[in-house]
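Let me begin by presenting the structure, written as structure tokens, before commenting on it.
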Amino acid sequence: MHRSLQIEEIRCEIVSRVHHDASLAVLAQTCQLFQDPALNILWRKQETLYHLARCFPSDLVIEEDSPDLSGRKRMRLLRPIVATDWERPLFYSHRVRHFIFDGPKYPVDLSDWIFSVLSLSLPGEYVFPNLESLDWSPSEDCFPFIRLFLAPSVSSLSVNFPNSPSCLSLLSALSQKHSSLTAIAFKGQGVDNGYISLFANNLTHIETLDVPGLDWSALQHLSRLTTLRSLRLEKFIAPIPCPLFSSAAFSALETISIDGIATPFLAAMSSAPLRSLSIRFASCISSAEVSVLYRAITANISLTTLTHFTQEIDVEMERTCMIIDNNSMRSLCCFPNLVDVTITSPAGFELDDDTLADLALAAEPRVTLAALHHLAEHCSQLRVLRLPFNATVVPPAAPVSGKRVVHAALQSLYIEDCPIEASLPVSRFLSGIFPHVSVETSSASTGRDRWMEVREQLLHFVAAREEERAWSLS
């Protein structure tokens, strides 16, 4: 055995490159050295308790052959559980890091006994003691058993609350024992925004929060956190007071999604380094309200960091409502780094040629191919480059100074939003400076077909230059 295989990190890296569960299972069964890393991957994410139940002895549980009237098979308990029955389940349970429970979706029904067995005989306090994320969407009867899965290691929690006030009692326990959660999503018919707000006031380390609604006390508390990076709200509970937040509110917030008119709330975003802003409407708003909204976006959202903007309507509207005018659309020109814009308007857009031209020019990269001369000259160790630039104008291969620069280290040039008109001049330019570069492009890239031509032409240009160099030396 090679000595490097004694290092656990290397074994884990090798196993992580095996992409088929069947291969991982064979590896775990045939090689003791790779057993733990392979089993850790196989058990890392579970969406049912069925696999854990199958670890119990065959004389303890039995799976019925025929399905019931609902089309689901049942697994039944044959006798009381004893301590030794837990040996195999415990061998695997500590490996689970992510658990998604949505009982009715799985074809084998064991909910009538599995939770009772777990709550009565589980040797430890938690079913999966090293669990990191929990997605809990059970029936109302099974909901209270969430306590068996809320290990101290859980940092991400998603809960679908049934329409029952008793289920919201969970929030009290979460506030006391799990205030350090970093990602939370609450949904369901039983969600009460008042209790959700009380819970949110106790969060101290939250990074991602997705809830139906919050009151202003909770929002003010969240605005002071330096950890919050993503926030999604469906509605606000109370009228907005003024002034609302401090000048340093939401200092780390990068993504926000809001349902409904939240124009005054945007005033709290002036210090946020927002990258993504999404606003959705469940009902139609007037064109005047649209104009006020877009003015608030321009006045309060960071002009340099915003890259994604979405404004949508969730339901079918009359074509006579909510038209977006020229001035509203033109306000987006203030955001030079926008790369993804989605806007829905039931009555269409009041656009003219000049506004559309301004929008197109605002979205076009200002860096040109000429800037690559500077990178080649001053960044000698550069190997990978991902930079939006305008390739519609091709400069001469040599800069104005007359000094030719050849940069042999650059291996990969990633193309995303780079306008291009003709592939041949670009290929000639790139091959003259970067003789070893390979162009990589995504399916959504601007001018992808021409950039694919550049990729092929570079091979021929580089080969021709190598031949000329060889002839000059002979």
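Labels used: A, B, ... for chains in the order of the structure tokens, numbers from 1 for residues in each chain, and numbers from 1 for ligands as shown.
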
Give me the range 91-184 of chain A side of the contact with range 46-61 of chain A, cut-off 6 Å, one line per residue showing its nearest atom pair and distance in Å at one decimal, counting only C-alpha atoms, sorted by chain and residue number, as a tab-separated table.
```
residue	atom	partner	partner_atom	distance
A:Phe99	CA	A:Gln46	CA	5.0
A:Ile100	CA	A:Glu47	CA	4.5
A:Phe101	CA	A:Glu47	CA	5.6
```

Those residues you just picked out, can you put them in a file as a short mmCIF file (atom, residue, chain, number, x, y, z; two decimals), in the first residue's frame with N, CA and C atoms?
```cif
data_model
loop_
_atom_site.label_atom_id
_atom_site.label_comp_id
_atom_site.auth_asym_id
_atom_site.auth_seq_id
_atom_site.Cartn_x
_atom_site.Cartn_y
_atom_site.Cartn_z
N PHE A 99 -30.75 15.66 6.40
CA PHE A 99 -31.94 14.82 6.45
C PHE A 99 -33.16 15.60 5.98
N ILE A 100 -33.85 15.03 4.99
CA ILE A 100 -35.08 15.60 4.45
C ILE A 100 -36.21 14.63 4.74
N PHE A 101 -37.22 15.07 5.49
CA PHE A 101 -38.32 14.17 5.82
C PHE A 101 -39.63 14.72 5.28
#
```

Helix (DSSP H, G or I) positions in range 164-413 of chain A, given as an MDAnalysis selection string: chainID A and resid 165:177 193:200 216:223 264:269 287:300 326:334 353:363 371:378

Would you output that residue set with C-alpha atoms, as a CSV table (one decimal), in the first residue's frame?
```csv
chain,number,residue,atom,x,y,z
A,165,PRO,CA,-51.2,26.2,16.8
A,166,SER,CA,-49.5,23.5,18.9
A,167,CYS,CA,-46.8,23.0,16.3
A,168,LEU,CA,-45.7,26.6,16.6
A,169,SER,CA,-44.6,25.8,20.2
A,170,LEU,CA,-41.4,24.5,18.5
A,171,LEU,CA,-40.3,28.1,18.2
A,172,SER,CA,-39.9,28.5,21.9
A,173,ALA,CA,-37.5,25.6,22.1
A,174,LEU,CA,-35.6,26.8,19.1
A,175,SER,CA,-35.2,30.3,20.7
A,176,GLN,CA,-33.6,28.7,23.8
A,177,LYS,CA,-31.5,26.0,22.3
A,193,ASN,CA,-45.9,35.9,11.6
A,194,GLY,CA,-46.2,37.3,15.1
A,195,TYR,CA,-44.6,34.3,16.6
A,196,ILE,CA,-42.0,34.1,13.8
A,197,SER,CA,-41.1,37.7,14.6
A,198,LEU,CA,-40.6,36.9,18.3
A,199,PHE,CA,-38.3,34.0,17.3
A,200,ALA,CA,-36.3,36.1,14.9
A,216,TRP,CA,-40.6,45.9,12.4
A,217,SER,CA,-39.0,45.0,15.7
A,218,ALA,CA,-37.7,41.8,14.2
A,219,LEU,CA,-36.5,43.6,11.0
A,220,GLN,CA,-34.7,46.2,13.1
A,221,HIS,CA,-33.0,43.4,15.1
A,222,LEU,CA,-31.9,41.7,11.9
A,223,SER,CA,-30.6,44.9,10.4
A,264,PRO,CA,-40.1,52.6,2.0
A,265,PHE,CA,-38.3,49.5,3.2
A,266,LEU,CA,-35.7,50.0,0.4
A,267,ALA,CA,-34.5,53.1,2.2
A,268,ALA,CA,-32.9,50.7,4.7
A,269,MET,CA,-30.7,49.2,2.0
A,287,SER,CA,-47.9,52.9,-13.0
A,288,ALA,CA,-47.4,55.7,-10.5
A,289,GLU,CA,-46.4,53.2,-7.8
A,290,VAL,CA,-44.1,51.5,-10.2
A,291,SER,CA,-42.3,54.8,-10.9
A,292,VAL,CA,-41.9,55.5,-7.2
A,293,LEU,CA,-40.5,52.0,-6.7
A,294,TYR,CA,-37.9,52.4,-9.4
A,295,ARG,CA,-36.8,55.8,-8.1
A,296,ALA,CA,-36.4,54.2,-4.6
A,297,ILE,CA,-34.3,51.4,-6.1
A,298,THR,CA,-32.0,54.0,-7.9
A,299,ALA,CA,-31.8,56.1,-4.7
A,300,ASN,CA,-31.0,53.4,-2.2
A,326,ASN,CA,-39.4,55.0,-20.1
A,327,ASN,CA,-38.1,56.7,-17.0
A,328,SER,CA,-38.5,53.6,-14.9
A,329,MET,CA,-36.6,51.5,-17.4
A,330,ARG,CA,-33.9,54.2,-17.9
A,331,SER,CA,-33.2,54.2,-14.1
A,332,LEU,CA,-31.6,50.7,-14.6
A,333,CYS,CA,-28.8,52.4,-16.6
A,334,CYS,CA,-27.4,53.5,-13.2
A,353,ASP,CA,-35.5,53.6,-29.4
A,354,ASP,CA,-33.3,56.0,-27.3
A,355,THR,CA,-34.1,54.3,-24.0
A,356,LEU,CA,-33.5,50.9,-25.4
A,357,ALA,CA,-30.1,52.0,-26.8
A,358,ASP,CA,-29.1,53.5,-23.5
A,359,LEU,CA,-30.0,50.2,-21.7
A,360,ALA,CA,-27.9,48.3,-24.2
A,361,LEU,CA,-24.9,50.6,-23.9
A,362,ALA,CA,-25.2,50.5,-20.1
A,363,ALA,CA,-25.0,46.7,-20.1
A,371,ALA,CA,-6.6,46.0,-21.6
A,372,LEU,CA,-5.3,42.5,-22.1
A,373,HIS,CA,-2.0,44.1,-23.1
A,374,HIS,CA,-1.6,45.4,-19.6
A,375,LEU,CA,-2.5,42.1,-18.0
A,376,ALA,CA,0.1,40.4,-20.2
A,377,GLU,CA,2.8,42.9,-19.3
A,378,HIS,CA,2.2,43.2,-15.6
```

Which is closer to Thr344 in chain A than all the others in A:Arg383, A:Pro388, A:Leu410, A:Cys284, using only C-alpha atoms? A:Cys284

Take CA of Cys418 in chain A and CA of Pro395 in chain A and report the distance between them in Å, one decimal.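 CA of Pro395 in chain A lies at a distance of 15.5 Å from CA of Cys418 in chain A.
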